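Dumped run-v9.pdb below, it's PDB, C-alpha atoms and all ligand atoms:
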ATOM      1  CA  MET Y   1      12.857  21.293 -32.046
ATOM      2  CA  PRO Y   2      11.979  19.405 -28.862
ATOM      3  CA  LEU Y   3       8.307  18.535 -28.331
ATOM      4  CA  VAL Y   4       8.326  20.146 -24.894
ATOM      5  CA  SER Y   5      10.628  22.647 -23.295
ATOM      6  CA  PHE Y   6      10.673  24.232 -19.884
ATOM      7  CA  HIS Y   7      12.773  27.419 -19.936
ATOM      8  CA  ASP Y   8      13.856  28.749 -16.589
ATOM      9  CA  VAL Y   9      10.510  27.978 -14.993
ATOM     10  CA  GLN Y  10       9.692  29.233 -11.545
ATOM     11  CA  LYS Y  11       6.706  28.215  -9.457
ATOM     12  CA  THR Y  12       5.918  29.879  -6.168
ATOM     13  CA  TYR Y  13       2.817  28.802  -4.308
ATOM     14  CA  ARG Y  14       1.175  31.895  -2.887
ATOM     15  CA  SER Y  15      -0.144  31.604   0.599
ATOM     16  CA  LEU Y  16      -3.036  33.697   1.888
ATOM     17  CA  GLN Y  17      -1.927  33.665   5.519
ATOM     18  CA  GLY Y  18       1.552  32.106   5.882
ATOM     19  CA  VAL Y  19       4.684  32.475   3.774
ATOM     20  CA  ASP Y  20       4.900  31.847   0.044
ATOM     21  CA  TYR Y  21       6.614  28.608  -0.953
ATOM     22  CA  PRO Y  22       9.101  28.712  -3.851
ATOM     23  CA  ALA Y  23       8.719  25.141  -5.140
ATOM     24  CA  LEU Y  24      10.717  25.455  -8.384
ATOM     25  CA  GLU Y  25      13.285  27.928  -9.648
ATOM     26  CA  HIS Y  26      15.357  27.918 -12.862
ATOM     27  CA  PHE Y  27      13.771  24.634 -13.825
ATOM     28  CA  SER Y  28      14.644  23.719 -17.433
ATOM     29  CA  ILE Y  29      14.236  20.532 -19.462
ATOM     30  CA  ASP Y  30      13.677  19.543 -23.092
ATOM     31  CA  ILE Y  31      11.710  16.444 -24.035
ATOM     32  CA  GLU Y  32      12.178  15.123 -27.556
ATOM     33  CA  VAL Y  33       9.461  13.688 -29.766
ATOM     34  CA  GLY Y  34       8.954   9.991 -29.077
ATOM     35  CA  GLU Y  35      11.158   9.876 -26.024
ATOM     36  CA  PHE Y  36      10.413   8.247 -22.680
ATOM     37  CA  PHE Y  37      11.558  10.847 -20.178
ATOM     38  CA  CYS Y  38      11.589  10.015 -16.469
ATOM     39  CA  LEU Y  39      11.624  12.783 -13.932
ATOM     40  CA  LEU Y  40      13.015  11.486 -10.665
ATOM     41  CA  GLY Y  41      13.252  13.285  -7.353
ATOM     42  CA  PRO Y  42      12.690  12.983  -3.624
ATOM     43  CA  SER Y  43       9.203  13.291  -2.246
ATOM     44  CA  GLY Y  44       8.016  16.897  -2.069
ATOM     45  CA  CYS Y  45      10.626  18.273  -4.503
ATOM     46  CA  GLY Y  46       8.078  19.491  -7.043
ATOM     47  CA  LYS Y  47       7.563  16.647  -9.529
ATOM     48  CA  THR Y  48       3.772  16.847  -9.502
ATOM     49  CA  THR Y  49       4.043  20.617  -9.852
ATOM     50  CA  VAL Y  50       6.044  20.151 -13.063
ATOM     51  CA  LEU Y  51       3.469  17.725 -14.447
ATOM     52  CA  LYS Y  52       0.517  19.929 -13.531
ATOM     53  CA  MET Y  53       2.056  22.927 -15.269
ATOM     54  CA  LEU Y  54       2.675  20.932 -18.434
ATOM     55  CA  ALA Y  55      -0.856  19.526 -18.240
ATOM     56  CA  GLY Y  56      -2.136  23.096 -18.018
ATOM     57  CA  PHE Y  57      -3.643  22.678 -14.536
ATOM     58  CA  GLU Y  58      -1.223  25.161 -12.902
ATOM     59  CA  THR Y  59       0.493  28.235 -14.335
ATOM     60  CA  PRO Y  60       4.191  28.995 -13.835
ATOM     61  CA  THR Y  61       5.053  32.082 -11.787
ATOM     62  CA  ALA Y  62       7.831  32.914 -14.270
ATOM     63  CA  GLY Y  63       9.563  31.318 -17.241
ATOM     64  CA  ARG Y  64       8.125  29.558 -20.273
ATOM     65  CA  ILE Y  65       6.692  26.136 -21.027
ATOM     66  CA  LEU Y  66       6.413  25.364 -24.725
ATOM     67  CA  MET Y  67       4.882  22.450 -26.590
ATOM     68  CA  ASP Y  68       5.534  22.358 -30.339
ATOM     69  CA  GLY Y  69       6.998  25.822 -29.880
ATOM     70  CA  ARG Y  70       3.757  27.270 -28.488
ATOM     71  CA  PRO Y  71       3.168  28.304 -24.868
ATOM     72  CA  VAL Y  72       1.038  25.925 -22.791
ATOM     73  CA  THR Y  73      -1.939  27.946 -21.601
ATOM     74  CA  SER Y  74      -4.621  25.399 -20.764
ATOM     75  CA  ALA Y  75      -5.356  21.689 -20.613
ATOM     76  CA  SER Y  76      -5.478  19.926 -23.971
ATOM     77  CA  ARG Y  77      -6.223  16.514 -25.411
ATOM     78  CA  ASP Y  78      -2.645  16.625 -26.778
ATOM     79  CA  ARG Y  79      -1.422  15.933 -23.265
ATOM     80  CA  GLY Y  80      -3.147  12.910 -21.742
ATOM     81  CA  VAL Y  81      -2.757  12.618 -17.986
ATOM     82  CA  VAL Y  82      -2.648   9.313 -16.110
ATOM     83  CA  PHE Y  83      -3.148   9.953 -12.417
ATOM     84  CA  GLN Y  84      -1.539   8.369  -9.418
ATOM     85  CA  GLY Y  85      -4.526   6.519  -7.978
ATOM     86  CA  ASP Y  86      -7.021   4.355  -9.777
ATOM     87  CA  ASP Y  87     -10.159   6.204  -8.671
ATOM     88  CA  SER Y  88     -10.500   8.384 -11.755
ATOM     89  CA  LEU Y  89     -12.588   5.775 -13.607
ATOM     90  CA  TYR Y  90     -16.363   6.105 -13.742
ATOM     91  CA  GLY Y  91     -17.803   3.432 -11.488
ATOM     92  CA  TRP Y  92     -21.097   3.286 -13.396
ATOM     93  CA  LEU Y  93     -19.393   2.539 -16.731
ATOM     94  CA  ASN Y  94     -17.790  -0.774 -17.637
ATOM     95  CA  ALA Y  95     -14.207  -1.061 -18.922
ATOM     96  CA  VAL Y  96     -14.899  -0.439 -22.596
ATOM     97  CA  GLU Y  97     -17.347   2.387 -21.844
ATOM     98  CA  ASN Y  98     -14.716   4.046 -19.659
ATOM     99  CA  VAL Y  99     -12.207   3.880 -22.512
ATOM    100  CA  GLU Y 100     -14.796   5.224 -24.963
ATOM    101  CA  PHE Y 101     -15.812   8.105 -22.747
ATOM    102  CA  GLY Y 102     -13.596  10.818 -24.245
ATOM    103  CA  LEU Y 103     -14.429   9.689 -27.770
ATOM    104  CA  ARG Y 104     -18.145   9.853 -26.998
ATOM    105  CA  MET Y 105     -17.706  13.398 -25.706
ATOM    106  CA  ARG Y 106     -16.045  14.246 -29.021
ATOM    107  CA  ARG Y 107     -18.963  12.664 -30.898
ATOM    108  CA  VAL Y 108     -16.892   9.953 -32.541
ATOM    109  CA  SER Y 109     -19.384   7.517 -34.075
ATOM    110  CA  ARG Y 110     -20.492   4.534 -32.023
ATOM    111  CA  ALA Y 111     -18.852   1.963 -34.293
ATOM    112  CA  GLU Y 112     -15.568   3.809 -34.526
ATOM    113  CA  ARG Y 113     -15.255   4.474 -30.799
ATOM    114  CA  ARG Y 114     -16.003   0.852 -29.940
ATOM    115  CA  GLU Y 115     -13.413  -0.336 -32.451
ATOM    116  CA  ARG Y 116     -10.824   2.072 -31.096
ATOM    117  CA  ALA Y 117     -11.572   1.313 -27.446
ATOM    118  CA  MET Y 118     -11.261  -2.423 -28.057
ATOM    119  CA  ARG Y 119      -7.961  -1.912 -29.826
ATOM    120  CA  PHE Y 120      -6.494  -0.008 -26.874
ATOM    121  CA  LEU Y 121      -7.938  -2.441 -24.311
ATOM    122  CA  GLU Y 122      -6.181  -5.190 -26.220
ATOM    123  CA  LEU Y 123      -2.951  -3.160 -26.240
ATOM    124  CA  VAL Y 124      -3.002  -2.906 -22.427
ATOM    125  CA  GLY Y 125      -3.737  -6.634 -22.072
ATOM    126  CA  LEU Y 126      -7.410  -6.409 -21.092
ATOM    127  CA  ARG Y 127      -9.056  -8.294 -23.912
ATOM    128  CA  GLY Y 128     -11.977 -10.256 -22.488
ATOM    129  CA  GLN Y 129     -12.429  -7.898 -19.524
ATOM    130  CA  GLU Y 130     -14.316  -5.191 -21.413
ATOM    131  CA  GLN Y 131     -17.700  -5.777 -19.766
ATOM    132  CA  LYS Y 132     -16.391  -5.594 -16.193
ATOM    133  CA  TYR Y 133     -17.021  -2.607 -13.946
ATOM    134  CA  PRO Y 134     -14.201  -0.900 -12.004
ATOM    135  CA  ALA Y 135     -15.364  -2.442  -8.726
ATOM    136  CA  GLU Y 136     -14.820  -5.892 -10.263
ATOM    137  CA  LEU Y 137     -11.232  -5.145 -11.341
ATOM    138  CA  SER Y 138      -7.889  -5.147  -9.503
ATOM    139  CA  GLY Y 139      -5.803  -1.996  -9.010
ATOM    140  CA  GLY Y 140      -3.470  -2.989 -11.858
ATOM    141  CA  MET Y 141      -6.381  -3.563 -14.230
ATOM    142  CA  LYS Y 142      -7.934  -0.219 -13.361
ATOM    143  CA  GLN Y 143      -4.623   1.480 -14.007
ATOM    144  CA  ARG Y 144      -4.483  -0.229 -17.415
ATOM    145  CA  ILE Y 145      -7.956   1.041 -18.247
ATOM    146  CA  GLN Y 146      -6.821   4.552 -17.381
ATOM    147  CA  ILE Y 147      -3.871   4.158 -19.735
ATOM    148  CA  ALA Y 148      -6.129   2.763 -22.495
ATOM    149  CA  ARG Y 149      -8.575   5.618 -21.992
ATOM    150  CA  VAL Y 150      -5.860   8.222 -22.363
ATOM    151  CA  LEU Y 151      -4.279   6.465 -25.375
ATOM    152  CA  ALA Y 152      -7.662   6.177 -27.124
ATOM    153  CA  ASN Y 153      -7.685   9.976 -27.367
ATOM    154  CA  GLU Y 154      -4.424   9.726 -29.341
ATOM    155  CA  PRO Y 155      -2.580  12.426 -27.421
ATOM    156  CA  LYS Y 156       0.798  13.756 -28.562
ATOM    157  CA  MET Y 157       2.154  12.813 -25.201
ATOM    158  CA  LEU Y 158       1.368  10.953 -22.008
ATOM    159  CA  LEU Y 159       1.908  12.542 -18.613
ATOM    160  CA  MET Y 160       2.157   9.958 -15.845
ATOM    161  CA  ASP Y 161       2.481  10.877 -12.184
ATOM    162  CA  GLU Y 162       3.747   7.874 -10.208
ATOM    163  CA  PRO Y 163       1.009   5.780 -11.815
ATOM    164  CA  PHE Y 164       2.111   2.471 -10.290
ATOM    165  CA  ALA Y 165       3.081   3.673  -6.818
ATOM    166  CA  ALA Y 166      -0.008   2.207  -5.154
ATOM    167  CA  LEU Y 167       0.339  -1.246  -6.715
ATOM    168  CA  ASP Y 168       1.956  -4.243  -5.062
ATOM    169  CA  ALA Y 169       5.543  -4.978  -6.150
ATOM    170  CA  GLN Y 170       4.696  -7.804  -8.555
ATOM    171  CA  THR Y 171       1.890  -5.965 -10.290
ATOM    172  CA  ARG Y 172       4.101  -2.894 -10.519
ATOM    173  CA  SER Y 173       6.862  -4.849 -12.316
ATOM    174  CA  LEU Y 174       4.303  -6.287 -14.692
ATOM    175  CA  MET Y 175       2.838  -2.868 -15.427
ATOM    176  CA  GLN Y 176       6.314  -1.451 -16.062
ATOM    177  CA  LEU Y 177       6.958  -4.205 -18.594
ATOM    178  CA  GLU Y 178       3.632  -3.567 -20.280
ATOM    179  CA  LEU Y 179       4.142   0.155 -20.381
ATOM    180  CA  ALA Y 180       7.564  -0.376 -21.990
ATOM    181  CA  ASN Y 181       5.882  -2.595 -24.616
ATOM    182  CA  ILE Y 182       3.116  -0.050 -25.200
ATOM    183  CA  TRP Y 183       5.707   2.664 -25.639
ATOM    184  CA  ARG Y 184       7.645   0.554 -28.134
ATOM    185  CA  ALA Y 185       4.412  -0.129 -30.046
ATOM    186  CA  THR Y 186       3.115   3.453 -30.114
ATOM    187  CA  ARG Y 187       6.234   5.624 -29.667
ATOM    188  CA  THR Y 188       4.111   8.162 -27.852
ATOM    189  CA  THR Y 189       6.228  10.718 -26.017
ATOM    190  CA  VAL Y 190       6.044  10.068 -22.263
ATOM    191  CA  LEU Y 191       6.831  12.193 -19.235
ATOM    192  CA  PHE Y 192       6.899   9.693 -16.383
ATOM    193  CA  ILE Y 193       7.267  10.858 -12.824
ATOM    194  CA  THR Y 194       8.647   8.662 -10.093
ATOM    195  CA  HIS Y 195      10.644   8.750  -6.869
ATOM    196  CA  ASP Y 196      11.897   5.213  -7.512
ATOM    197  CA  ILE Y 197      15.372   4.829  -9.088
ATOM    198  CA  ASP Y 198      14.682   1.256 -10.135
ATOM    199  CA  GLU Y 199      11.533   2.301 -11.976
ATOM    200  CA  ALA Y 200      13.338   5.181 -13.692
ATOM    201  CA  VAL Y 201      16.180   2.947 -14.933
ATOM    202  CA  THR Y 202      13.698   0.266 -16.013
ATOM    203  CA  LEU Y 203      11.680   2.672 -18.138
ATOM    204  CA  GLY Y 204      13.546   5.848 -18.997
ATOM    205  CA  LYS Y 205      15.390   6.767 -22.159
ATOM    206  CA  ARG Y 206      16.612   9.774 -20.215
ATOM    207  CA  ILE Y 207      16.285  10.425 -16.506
ATOM    208  CA  GLY Y 208      16.130  13.963 -15.181
ATOM    209  CA  VAL Y 209      17.166  14.043 -11.526
ATOM    210  CA  MET Y 210      15.684  16.859  -9.435
ATOM    211  CA  ARG Y 211      17.159  18.571  -6.422
ATOM    212  CA  ALA Y 212      15.410  18.649  -3.058
ATOM    213  CA  GLY Y 213      13.120  21.663  -2.651
ATOM    214  CA  PRO Y 214      12.590  24.483  -2.047
ATOM    215  CA  ARG Y 215      13.712  26.102  -5.330
ATOM    216  CA  SER Y 216      14.124  22.703  -6.911
ATOM    217  CA  GLN Y 217      15.658  22.395 -10.345
ATOM    218  CA  VAL Y 218      17.179  19.702 -12.528
ATOM    219  CA  LYS Y 219      20.470  18.543 -11.065
ATOM    220  CA  GLY Y 220      21.449  16.445 -14.049
ATOM    221  CA  VAL Y 221      20.181  14.193 -16.811
ATOM    222  CA  VAL Y 222      21.294  10.577 -17.227
ATOM    223  CA  GLU Y 223      20.891   9.008 -20.640
ATOM    224  CA  VAL Y 224      20.134   5.287 -20.488
ATOM    225  CA  SER Y 225      21.503   3.422 -23.485
ATOM    226  CA  LEU Y 226      19.843   0.080 -22.876
ATOM    227  CA  ASN Y 227      17.765  -1.410 -25.647
ATOM    228  CA  GLY Y 228      14.975  -3.943 -25.488
ATOM    229  CA  ALA Y 229      14.039  -5.684 -22.265
ATOM    230  CA  ARG Y 230      15.986  -4.434 -19.249
ATOM    231  CA  SER Y 231      17.018  -6.726 -16.482
ATOM    232  CA  ARG Y 232      17.693  -5.537 -12.958
ATOM    233  CA  THR Y 233      20.559  -7.988 -12.618
ATOM    234  CA  ASP Y 234      22.485  -6.897 -15.728
ATOM    235  CA  ASP Y 235      25.775  -5.116 -15.085
ATOM    236  CA  ALA Y 236      24.734  -2.244 -17.354
ATOM    237  CA  PHE Y 237      21.481  -1.777 -15.443
ATOM    238  CA  LEU Y 238      23.386  -1.651 -12.163
ATOM    239  CA  ARG Y 239      25.830   0.896 -13.557
ATOM    240  CA  TYR Y 240      22.975   3.232 -14.452
ATOM    241  CA  TYR Y 241      21.326   2.588 -11.117
ATOM    242  CA  LYS Y 242      24.532   3.595  -9.334
ATOM    243  CA  ALA Y 243      25.012   6.702 -11.463
ATOM    244  CA  VAL Y 244      21.490   7.886 -10.668
ATOM    245  CA  TYR Y 245      21.809   6.867  -7.029
ATOM    246  CA  GLU Y 246      25.007   8.910  -6.639
ATOM    247  CA  MET Y 247      23.218  11.914  -8.082
ATOM    248  CA  ILE Y 248      20.084  11.679  -5.962
ATOM    249  CA  ARG Y 249      21.520  10.457  -2.648
ATOM    250  CA  ASP Y 250      22.320  13.913  -1.239
ATOM    251  CA  GLU Y 251      18.963  15.267  -2.361
ATOM    252  CA  VAL Y 252      17.049  12.564  -0.520
ATOM    253  CA  ALA Y 253      19.137  13.253   2.601
ATOM    254  CA  LYS Y 254      18.374  16.979   2.333
ATOM    255  CA  SER Y 255      14.686  16.429   1.880
ATOM    256  CA  LEU Y 256      14.566  14.075   4.885
ATOM    257  CA  ALA Y 257      16.498  16.580   7.009
ATOM    258  CA  ARG Y 258      14.033  19.321   6.076
ATOM    259  CA  ALA Y 259      11.082  17.166   6.941
ATOM    260  CA  ASP Y 260      12.306  16.809  10.542
TER     261      ASP Y 260
HETATM  262  N1  LIG Y 301      -1.310  24.025  -3.904
HETATM  263  C1  LIG Y 301      -0.213  24.146  -3.148
HETATM  264  N2  LIG Y 301      -0.078  25.163  -2.255
HETATM  265  C2  LIG Y 301       1.044  25.302  -1.521
HETATM  266  N3  LIG Y 301       2.091  24.480  -1.586
HETATM  267  C3  LIG Y 301       2.024  23.442  -2.454
HETATM  268  C4  LIG Y 301       0.868  23.219  -3.272
HETATM  269  N4  LIG Y 301       1.107  22.118  -4.032
HETATM  270  C5  LIG Y 301       2.334  21.677  -3.681
HETATM  271  N5  LIG Y 301       2.894  22.462  -2.744
HETATM  272  C6  LIG Y 301       4.235  22.302  -2.159
HETATM  273  O1  LIG Y 301       5.190  22.346  -3.200
HETATM  274  C7  LIG Y 301       6.196  21.359  -3.005
HETATM  275  C8  LIG Y 301       6.236  20.433  -4.210
HETATM  276  O2  LIG Y 301       5.045  19.647  -4.224
HETATM  277  P1  LIG Y 301       4.795  18.505  -5.289
HETATM  278  O3  LIG Y 301       4.984  19.075  -6.653
HETATM  279  O4  LIG Y 301       3.519  17.857  -4.989
HETATM  280  O5  LIG Y 301       6.025  17.510  -4.966
HETATM  281  P2  LIG Y 301       6.283  15.984  -5.383
HETATM  282  O6  LIG Y 301       5.281  15.621  -6.416
HETATM  283  O7  LIG Y 301       7.697  15.950  -5.881
HETATM  284  O8  LIG Y 301       6.155  15.172  -4.129
HETATM  285  C9  LIG Y 301       5.864  20.675  -1.684
HETATM  286  O9  LIG Y 301       6.641  21.261  -0.674
HETATM  287  C10 LIG Y 301       4.392  20.956  -1.491
HETATM  288  O10 LIG Y 301       4.069  21.017  -0.128
HETATM  289 MG    MG Y 302       3.847  14.080  -6.451
END

With the file now loaded, output its structure as structure tokens.
Amino acid sequence: MPLVSFHDVQKTYRSLQGVDYPALEHFSIDIEVGEFFCLLGPSGCGKTTVLKMLAGFETPTAGRILMDGRPVTSASRDRGVVFQGDDSLYGWLNAVENVEFGLRMRRVSRAERRERAMRFLELVGLRGQEQKYPAELSGGMKQRIQIARVLANEPKMLLMDEPFAALDAQTRSLMQLELANIWRATRTTVLFITHDIDEAVTLGKRIGVMRAGPRSQVKGVVEVSLNGARSRTDDAFLRYYKAVYEMIRDEVAKSLARAD
């Protein structure tokens, strides 16, 4: 049984004054336990909508979303969300206190939460930075703290919505490498959303390519059989890049045409 399945999901945003917007229709995917699934699509196609429904922040208009065979009805610690920007940290807490926050809310003992927070800070490469406040940290570091904070709650899966989009190119590459290492170390199931083909091929075990909206759905799924470190200049990497590019090219063109 897959960990997550979307069955024929439809999402229509209701408008109070204008016309309703059918963002998704007949949207179906399965995500297996332990897999790194990338959802790729042009801007505005409905990627964030998919993530929000799985997180439990939005409800589908029709269709079913199951996790472990049970319908998703509300937000849960099982599904840890890493947001796009880096402003979700508490500015008045230092790095380790930010990571401990969820554990403190769950009344995990002081010693245990500190031990766990330090372990996850180390995992994201922030050992030695634990006393710093968000304002003293770079965008990449703040994004790592977010990841550590979510991982410290030991969710069944991570939901990431273009988490590195705001970082400069070098930091982004570094974060991709680190995330790949974290995934190999923890084997947490990941749904990773991006509009960047390169990022999807760098990270994904499978890549679901979405159509342009409205009524977006999955156009196809590309399985990436590359193991270990992936290099952008390898022939195999380029073959996957081309396969995904061929699939998404028309969708990007459509979404640009609609934006005119
Ligand atoms: N709360 C909302 N009300 C109305 N329309 C929305 C709302 N949220 C998103 N949309 C529309 O749904 C479509 C998909 O949005 P979104 O899921 O954010 O796309 P993506 O993340 O792929 O850029 C867009 O056309 C967007 O304008
Ligand atoms: Mg989005």

Quiz prompt | Shell around range 236-240 of chain Y at 8 Å using only C-alpha atoms, local window under 5 positions removed, as a count of residues only | solution = 5

Practice problem: Set the cut-off to 6 Å, count all atoms listed in the file, and list whatever residues fall near ligand LIG 301 (chain Y) as number ranges by chain. | Solution: Y: 13, 23, 43-49

Quiz prompt | Pick from Y:Glu122, Y:Glu130, Y:Glu154, Y:Asp196, whichever lies nearest to Ser76 in chain Y using only C-alpha atoms | solution =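 Result for the nearest residue to Ser76 in chain Y: Y:Glu154.
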
Self-check item: Selection under test: the PyMOL selection byres (((chain Y and resi 50-66) around 10) and not hetatm); residues as a ChimeraX atom specification
Solution: /Y:2-14,22-30,39,45-49,67-81,158-161,191-193

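Each of Y:Glu162, Y:Leu174, Y:Phe37, Y:Lys142 was checked against Val221 in chain Y using only C-alpha atoms; the smallest atom-to-atom distance is that of Y:Phe37.
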
Quiz item: How many Å separate CA of Arg113 in chain Y from CA of Pro163 in chain Y?
Solution: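 Taking CA of Arg113 in chain Y as the start and CA of Pro163 in chain Y as the end point, the length is 25.0 Å.
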
Practice problem: Step by step, work through what the PyMOL selection byres (((chain Y and resi 204) around 8) and not hetatm) selects in the shown file, and finish by giving those residues as a PyMOL selection string. | Solution: chain Y and resi 36-38+200-203+205-207+224

Around all listed atoms of range 160-172 of chain Y, padded 4 Å per side, what centre and edge lengths does the axis-aligned box have in Å to one decimal, as lines of an AutoDock Vina configuration file?
center_x = 2.8
center_y = 1.5
center_z = -10.5
size_x = 13.6
size_y = 26.7
size_z = 18.8
